[in-house]
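*Asks:* structure05.txt is reproduced in full below (compact mmCIF, C-alpha atoms).
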```
# COMPACT_ATOMS: atom_id res chain seq x y z
CA ILE A 1 101.03 99.87 90.65
CA GLN A 2 102.40 97.50 93.27
CA LEU A 3 103.35 98.61 96.77
CA THR A 4 105.94 96.69 98.74
CA GLN A 5 106.27 97.33 102.45
CA SER A 6 109.29 96.37 104.48
CA PRO A 7 109.71 94.80 106.83
CA SER A 8 106.63 92.56 106.90
CA SER A 9 106.91 92.48 110.65
CA LEU A 10 109.15 93.84 113.35
CA SER A 11 109.62 93.55 117.08
CA ALA A 12 110.34 96.68 119.04
CA SER A 13 110.25 98.01 122.56
CA VAL A 14 108.40 100.96 124.02
CA GLY A 15 110.46 104.07 123.36
CA ASP A 16 112.12 102.71 120.22
CA ARG A 17 112.22 104.64 116.97
CA VAL A 18 110.48 102.61 114.29
CA THR A 19 110.72 103.07 110.54
CA ILE A 20 108.55 101.33 107.94
CA THR A 21 109.17 101.73 104.25
CA CYS A 22 106.83 101.49 101.29
CA ARG A 23 108.15 101.21 97.76
CA ALA A 24 105.96 101.71 94.69
CA SER A 25 106.58 99.91 91.42
CA GLN A 26 106.20 103.23 89.63
CA GLY A 27 105.98 106.83 90.71
CA VAL A 28 102.89 107.87 92.64
CA GLY A 29 103.84 111.48 93.33
CA SER A 30 102.85 112.30 96.88
CA TYR A 31 99.54 110.50 96.68
CA LEU A 32 100.25 108.13 99.50
CA ALA A 33 98.57 107.46 102.83
CA TRP A 34 99.44 105.42 105.88
CA TYR A 35 96.91 103.59 108.05
CA GLN A 36 97.11 101.87 111.41
CA GLN A 37 94.93 98.84 112.05
CA LYS A 38 94.42 97.04 115.34
CA PRO A 39 92.94 93.53 115.57
CA GLY A 40 89.21 93.49 114.95
CA LYS A 41 89.14 97.18 114.04
CA ALA A 42 88.98 99.17 110.83
CA PRO A 43 92.06 100.93 109.46
CA ASN A 44 92.67 104.40 110.86
CA LEU A 45 94.18 107.14 108.70
CA LEU A 46 97.46 108.43 110.11
CA ILE A 47 99.14 110.27 107.25
CA TYR A 48 97.93 111.51 103.87
CA ALA A 49 99.64 113.21 100.96
CA ALA A 50 102.78 111.36 102.06
CA SER A 51 103.61 113.65 104.98
CA THR A 52 100.49 115.38 106.31
CA LEU A 53 99.41 114.26 109.75
CA GLN A 54 95.71 113.51 110.04
CA SER A 55 93.90 115.52 112.68
CA GLY A 56 94.08 113.90 116.10
CA VAL A 57 97.04 111.66 115.28
CA PRO A 58 99.95 111.97 117.74
CA SER A 59 102.95 113.92 116.52
CA ARG A 60 105.27 110.94 117.10
CA PHE A 61 104.00 109.69 113.74
CA SER A 62 105.52 111.21 110.63
CA GLY A 63 105.68 110.41 106.96
CA SER A 64 108.09 111.30 104.21
CA GLY A 65 108.93 110.53 100.63
CA SER A 66 107.65 111.06 97.13
CA GLY A 67 107.74 109.24 93.83
CA THR A 68 108.48 105.62 94.62
CA ASP A 69 109.95 105.58 98.13
CA PHE A 70 108.08 106.45 101.29
CA THR A 71 108.67 106.12 105.00
CA LEU A 72 106.48 106.04 108.09
CA THR A 73 108.36 106.82 111.28
CA ILE A 74 107.21 106.45 114.86
CA SER A 75 109.67 108.53 116.85
CA SER A 76 109.09 106.88 120.22
CA LEU A 77 106.97 103.76 120.16
CA GLN A 78 104.15 103.65 122.69
CA SER A 79 102.18 100.63 123.89
CA ASP A 80 99.15 101.84 121.93
CA ASP A 81 101.16 101.70 118.68
CA PHE A 82 101.44 97.93 118.46
CA ALA A 83 99.38 97.27 115.38
CA THR A 84 99.62 96.62 111.64
CA TYR A 85 100.47 99.51 109.35
CA TYR A 86 99.50 99.82 105.70
CA CYS A 87 100.54 102.19 102.96
CA HIS A 88 98.03 103.12 100.27
CA GLN A 89 98.73 104.81 96.97
CA LEU A 90 96.05 106.86 95.28
CA ASN A 91 97.96 108.19 92.28
CA ASN A 92 95.82 106.12 89.95
CA TYR A 93 92.70 106.11 92.16
CA PRO A 94 90.51 104.49 91.40
CA PRO A 95 91.61 101.88 91.98
CA GLY A 96 94.67 102.67 94.02
CA THR A 97 96.51 99.90 95.82
CA PHE A 98 97.43 98.97 99.37
CA GLY A 99 100.66 97.59 100.67
CA GLN A 100 100.66 94.16 102.27
CA GLY A 101 101.10 95.53 105.78
CA THR A 102 103.76 95.69 108.45
CA LYS A 103 102.99 94.18 111.84
CA VAL A 104 104.65 95.93 114.77
CA GLU A 105 104.95 93.60 117.75
CA ILE A 106 106.25 93.93 121.26
CA LYS A 107 109.82 92.74 121.78
CA GLU B 108 81.27 112.62 115.60
CA VAL B 109 81.60 110.91 112.25
CA GLN B 110 80.11 107.43 112.27
CA LEU B 111 79.76 104.84 109.55
CA VAL B 112 77.84 101.67 110.36
CA GLU B 113 77.74 98.77 107.92
CA SER B 114 75.12 96.05 107.89
CA GLY B 115 73.84 93.30 105.66
CA GLY B 116 76.69 90.83 105.89
CA GLY B 117 76.36 87.15 106.56
CA LEU B 118 76.62 83.68 105.11
CA VAL B 119 75.56 83.27 101.50
CA GLN B 120 75.79 80.37 99.08
CA PRO B 121 77.97 80.56 95.98
CA GLY B 122 76.08 82.33 93.22
CA GLY B 123 73.93 84.17 95.72
CA SER B 124 73.36 87.85 96.36
CA LEU B 125 73.63 90.25 99.26
CA ARG B 126 73.04 93.94 99.74
CA LEU B 127 75.29 95.82 102.11
CA SER B 128 74.29 99.09 103.70
CA CYS B 129 76.39 101.79 105.32
CA ASP B 130 74.57 104.34 107.45
CA ALA B 131 76.41 107.62 107.93
CA SER B 132 76.08 110.25 110.61
CA GLY B 133 77.99 113.18 112.05
CA PHE B 134 78.81 114.83 108.73
CA THR B 135 77.11 116.13 105.60
CA PHE B 136 76.88 112.83 103.75
CA SER B 137 75.80 114.40 100.48
CA SER B 138 79.06 116.34 100.26
CA TYR B 139 81.39 113.35 100.27
CA SER B 140 82.39 110.61 97.91
CA MET B 141 82.31 107.16 99.43
CA SER B 142 84.09 103.89 98.82
CA TRP B 143 83.87 100.23 99.68
CA VAL B 144 87.04 98.37 100.64
CA ARG B 145 87.37 94.71 101.54
CA GLN B 146 89.93 92.79 103.52
CA THR B 147 90.95 89.16 103.60
CA PRO B 148 93.82 87.46 105.42
CA GLY B 149 95.20 86.29 102.10
CA LYS B 150 94.93 89.36 99.87
CA GLY B 151 94.88 92.11 102.47
CA LEU B 152 93.08 95.35 101.76
CA GLU B 153 91.45 95.79 98.36
CA TRP B 154 89.49 98.73 97.06
CA VAL B 155 86.12 97.55 95.70
CA SER B 156 84.07 100.52 94.56
CA TYR B 157 83.73 104.28 94.56
CA ILE B 158 80.73 106.58 94.20
CA SER B 159 80.84 110.36 93.94
CA SER B 160 78.79 112.59 96.20
CA SER B 161 76.01 113.03 93.65
CA SER B 162 76.25 109.51 92.22
CA ASP B 163 77.34 110.82 88.82
CA ALA B 164 80.58 108.83 88.94
CA ARG B 165 80.89 105.19 89.95
CA HIS B 166 83.94 102.99 89.64
CA TYR B 167 84.59 99.34 90.33
CA ALA B 168 87.54 97.08 90.78
CA ASP B 169 87.96 94.72 87.84
CA PHE B 170 87.24 91.70 90.02
CA VAL B 171 83.70 92.90 90.83
CA LYS B 172 82.79 94.69 87.61
CA GLY B 173 79.46 93.49 86.28
CA ARG B 174 78.60 91.75 89.57
CA PHE B 175 78.52 94.54 92.16
CA THR B 176 76.61 97.82 92.03
CA VAL B 177 77.25 100.77 94.31
CA SER B 178 74.54 103.29 95.07
CA ARG B 179 73.61 105.87 97.66
CA ASP B 180 70.60 107.69 99.02
CA ASN B 181 71.66 111.10 100.23
CA ALA B 182 68.25 111.74 101.77
CA LYS B 183 68.75 108.70 103.99
CA ASN B 184 72.50 109.24 104.54
CA SER B 185 73.09 105.73 103.30
CA LEU B 186 75.50 103.93 100.99
CA TYR B 187 74.78 100.55 99.45
CA LEU B 188 76.59 97.72 97.71
CA GLN B 189 74.51 95.21 95.79
CA MET B 190 76.57 92.06 95.39
CA ASN B 191 75.49 89.41 92.88
CA SER B 192 77.02 86.16 91.62
CA LEU B 193 79.07 85.82 94.76
CA GLY B 194 81.94 83.39 94.86
CA ALA B 195 84.23 82.06 97.53
CA GLU B 196 86.80 84.69 96.54
CA ASP B 197 84.38 87.39 97.72
CA THR B 198 84.56 86.15 101.30
CA ALA B 199 85.93 89.12 103.20
CA MET B 200 85.29 91.86 105.69
CA TYR B 201 83.70 94.75 103.81
CA TYR B 202 84.22 98.33 104.97
CA CYS B 203 82.63 101.54 103.82
CA ALA B 204 84.93 104.54 103.93
CA ARG B 205 84.48 108.25 103.53
CA SER B 206 86.64 109.68 100.77
CA SER B 207 87.92 113.18 101.46
CA PHE B 208 89.71 115.20 98.81
CA TYR B 209 93.05 116.56 99.98
CA PHE B 210 95.97 117.84 97.95
CA GLY B 211 94.80 116.41 94.67
CA SER B 212 93.46 112.99 95.63
CA TYR B 213 90.96 111.16 97.75
CA TYR B 214 91.90 109.65 101.08
CA PHE B 215 89.82 107.37 103.25
CA ASP B 216 89.60 109.39 106.43
CA TYR B 217 86.79 107.53 108.20
CA TRP B 218 85.89 103.85 108.06
CA GLY B 219 83.02 101.81 109.36
CA GLN B 220 83.56 98.82 111.63
CA GLY B 221 83.03 96.40 108.77
CA THR B 222 80.56 93.66 107.91
CA LEU B 223 81.66 90.10 107.24
CA ILE B 224 80.63 88.26 104.10
CA THR B 225 81.14 84.52 103.98
CA VAL B 226 80.43 82.75 100.73
CA SER B 227 80.11 79.03 101.32
CA SER B 228 77.80 76.11 100.66
```
Please rewrite the model in this file as structure tokens.
*Replies:*
Amino acid sequence: IQLTQSPSSLSASVGDRVTITCRASQGVGSYLAWYQQKPGKAPNLLIYAASTLQSGVPSRFSGSGSGTDFTLTISSLQSDDFATYYCHQLNNYPPGTFGQGTKVEIK
Amino acid sequence: EVQLVESGGGLVQPGGSLRLSCDASGFTFSSYSMSWVRQTPGKGLEWVSYISSSSDARHYADFVKGRFTVSRDNAKNSLYLQMNSLGAEDTAMYYCARSSFYFGSYYFDYWGQGTLITVSS
């Protein structure tokens, strides 16, 4: 199963609403997670089961979708949110697959 | 506080071997499945291996099958990855990750800081 994220990168300002999409080559149910990764750090789980917020993650992050189309939304971008975001499907885990990442940069 | 600390990375020649370790603390290690994931600038994040909490199930990505072996010692709260026949394509940052079961699947809810493997002559 291939995951395609779009866009590959985006520039946004603090306070903007940001949406990242992840499309699967075949249905993965709701077995999808989103991670945030900052330079030199490990990925950090934000969302699992497509829409469940991981404990401790700010509520400005939300996830939606099922089947083949998924969305990660940051309702009001904060300075701490500039990072790379990855989707990860676990419908056929193992192995599961990761998306190629979306880099969110400061405009 | 959950902590995962990898070690054992470094420079190794093609065809060589390395053993990675991941020391866990802050949770009941023996209750969780664990995974290894690697990351390269070119291929991004790739799942490498999985081991169940009691070691009765182990899975490997096709690209490491027959070369890598995952194991764990629950008494020592440690996870291992024995890597043999290393090639340049194995050059990557390797992460251990805790696998928690939610809503029908496993999700990687905690990750170590990573250990870098460089395969080069």
*Asks:* Go through B:Ser137, B:Ser160, B:Gln146, B:Ser192 and flag the residue nearest chain A, using all atoms listed in the file for the distances.
*Replies:*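 Distance minimum relative to chain A lands on B:Gln146.
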*Asks:* Would you be able to write out as a count of residues only which residues have an atom within 10 Å of (83.5, 106.1, 92.1) in the file's coordinates, counting all atoms listed in the file?
*Replies:* 23
*Asks:* Counting all atoms listed in the file, what is within 10 Å of A:Asn92, bar same-chain residues fewer than 4 positions away, as number ranges by chain?
*Replies:* A: 1, 28, 31, 96-97; B: 212
*Asks:* Starting from chain A, keep only residues with some atom at most 12 Å from an atom of chain B, counting only C-alpha atoms, and report them as an MDAnalysis selection string.
*Replies:* chainID A and resid 3 28:57 84:102
*Asks:* Could you tell me how far atom CA of B:Asp130 lies from atom CA of B:Asn184, in Å and to one decimal?
*Replies:* 6.1 Å
*Asks:* Can you list, as a list in words, every protein, DNA or RNA residue that comes within 9 Å of stretch 76-82 of chain A when you count only C-alpha atoms, leaving out same-chain residues fewer than 2 positions away?
*Replies:*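 Result of the neighbour search: Ala12, Ser13, Val14, Gly15, Asp16, Arg17, Val18, Gln36, Lys38, Arg60, Phe61, Thr73, Ile74, Thr84, Lys103, Val104, Glu105 and Ile106 of chain A.
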*Asks:* Have a look at atom CA of A:Pro7 and atom CA of B:Ala199 and let me know their distance in Å, one decimal.
*Replies:*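 One can read the atom CA of A:Pro7 to atom CA of B:Ala199 distance as 24.7 Å.
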*Asks:* Using only C-alpha atoms, which of the listed residues (B:Thr222, B:Ser228, B:Ser124, B:Ser207) sits closest to B:Val112?
*Replies:*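 Going through B:Thr222, B:Ser228, B:Ser124, B:Ser207 one by one, the smallest distance to B:Val112 is for B:Thr222.
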*Asks:* Calculated over all atoms listed in the file, which of the candidates B:Phe208, B:Ser128, B:Pro148, B:Thr225 has the smallest distance to B:Gly115?
*Replies:*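 Going through B:Phe208, B:Ser128, B:Pro148, B:Thr225 one by one, the smallest distance to B:Gly115 is for B:Ser128.
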*Asks:* Here is a test: counting only C-alpha atoms, which residue of B:Ala182, B:Val144, B:Gly194, B:Gly133 is nearest to B:Glu113?
*Replies:*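 Nearest candidate to B:Glu113 out of B:Ala182, B:Val144, B:Gly194, B:Gly133: B:Val144.
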*Asks:* Nearest to B:Ile224: which of B:Lys183, B:Arg145, B:Phe134, B:Leu111 is it, counting all atoms listed in the file?
*Replies:* B:Arg145
*Asks:* Would you compute the distance between atom CA of B:Gly173 and atom CA of B:Ser138? Give it in Å to one decimal.
*Replies:*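 It comes out at 26.8 Å.
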*Asks:* Can you work out which one of A:Ala83, A:Ser62, A:Leu72, A:Lys107 has the shortest atom-to-atom distance to A:Thr19, counting all atoms listed in the file?
*Replies:* A:Leu72
*Asks:* Could stretch 54-86 of chain A be completed with N, CA and C atoms and returned as a compact mmCIF listing (two decimals), keeping the file's coordinate frame?
*Replies:*
```
# COMPACT_ATOMS: atom_id res chain seq x y z
N GLN A 54 97.15 113.41 109.89
CA GLN A 54 95.71 113.51 110.04
C GLN A 54 95.38 114.12 111.40
N SER A 55 94.33 114.89 111.44
CA SER A 55 93.90 115.52 112.68
C SER A 55 93.70 114.49 113.78
N GLY A 56 94.24 114.78 114.95
CA GLY A 56 94.08 113.90 116.10
C GLY A 56 95.14 112.82 116.23
N VAL A 57 95.99 112.68 115.24
CA VAL A 57 97.04 111.66 115.28
C VAL A 57 98.26 112.23 116.03
N PRO A 58 98.81 111.46 116.97
CA PRO A 58 99.95 111.97 117.74
C PRO A 58 101.13 112.36 116.87
N SER A 59 101.84 113.37 117.31
CA SER A 59 102.95 113.92 116.52
C SER A 59 104.16 112.99 116.46
N ARG A 60 104.16 111.90 117.22
CA ARG A 60 105.27 110.94 117.10
C ARG A 60 105.23 110.19 115.77
N PHE A 61 104.10 110.28 115.08
CA PHE A 61 104.00 109.69 113.74
C PHE A 61 104.40 110.74 112.70
N SER A 62 105.19 110.32 111.73
CA SER A 62 105.52 111.21 110.63
C SER A 62 105.72 110.40 109.36
N GLY A 63 105.49 111.05 108.24
CA GLY A 63 105.68 110.41 106.96
C GLY A 63 106.55 111.25 106.06
N SER A 64 107.25 110.58 105.16
CA SER A 64 108.09 111.30 104.21
C SER A 64 108.18 110.52 102.92
N GLY A 65 108.70 111.19 101.91
CA GLY A 65 108.93 110.53 100.63
C GLY A 65 108.07 111.09 99.52
N SER A 66 108.43 110.72 98.31
CA SER A 66 107.65 111.06 97.13
C SER A 66 108.16 110.18 95.99
N GLY A 67 107.34 110.07 94.97
CA GLY A 67 107.74 109.24 93.83
C GLY A 67 107.53 107.77 94.11
N THR A 68 108.59 107.06 94.41
CA THR A 68 108.48 105.62 94.62
C THR A 68 108.85 105.17 96.03
N ASP A 69 109.47 106.01 96.81
CA ASP A 69 109.95 105.58 98.13
C ASP A 69 109.38 106.44 99.25
N PHE A 70 108.77 105.78 100.21
CA PHE A 70 108.08 106.45 101.29
C PHE A 70 108.43 105.79 102.62
N THR A 71 108.32 106.60 103.67
CA THR A 71 108.67 106.12 105.00
C THR A 71 107.65 106.60 106.02
N LEU A 72 107.26 105.69 106.90
CA LEU A 72 106.48 106.04 108.09
C LEU A 72 107.40 105.86 109.28
N THR A 73 107.50 106.87 110.10
CA THR A 73 108.36 106.82 111.28
C THR A 73 107.52 107.06 112.53
N ILE A 74 107.76 106.23 113.53
CA ILE A 74 107.21 106.45 114.86
C ILE A 74 108.41 106.81 115.73
N SER A 75 108.45 108.03 116.22
CA SER A 75 109.67 108.53 116.85
C SER A 75 109.96 107.86 118.18
N SER A 76 108.93 107.54 118.93
CA SER A 76 109.09 106.88 120.22
C SER A 76 107.87 105.98 120.43
N LEU A 77 108.08 104.72 120.18
CA LEU A 77 106.97 103.76 120.16
C LEU A 77 106.26 103.69 121.51
N GLN A 78 104.96 103.77 121.49
CA GLN A 78 104.15 103.65 122.69
C GLN A 78 103.37 102.34 122.66
N SER A 79 102.88 101.91 123.80
CA SER A 79 102.18 100.63 123.89
C SER A 79 100.95 100.60 122.98
N ASP A 80 100.35 101.77 122.77
CA ASP A 80 99.15 101.84 121.93
C ASP A 80 99.47 101.71 120.44
N ASP A 81 100.75 101.71 120.09
CA ASP A 81 101.16 101.70 118.68
C ASP A 81 101.36 100.31 118.12
N PHE A 82 101.25 99.29 118.97
CA PHE A 82 101.44 97.93 118.46
C PHE A 82 100.21 97.56 117.63
N ALA A 83 100.46 97.39 116.35
CA ALA A 83 99.38 97.27 115.38
C ALA A 83 99.99 96.90 114.04
N THR A 84 99.14 96.83 113.01
CA THR A 84 99.62 96.62 111.64
C THR A 84 99.45 97.93 110.88
N TYR A 85 100.47 98.26 110.10
CA TYR A 85 100.47 99.51 109.35
C TYR A 85 100.46 99.23 107.85
N TYR A 86 99.64 99.99 107.14
CA TYR A 86 99.50 99.82 105.70
C TYR A 86 99.78 101.13 104.98
```
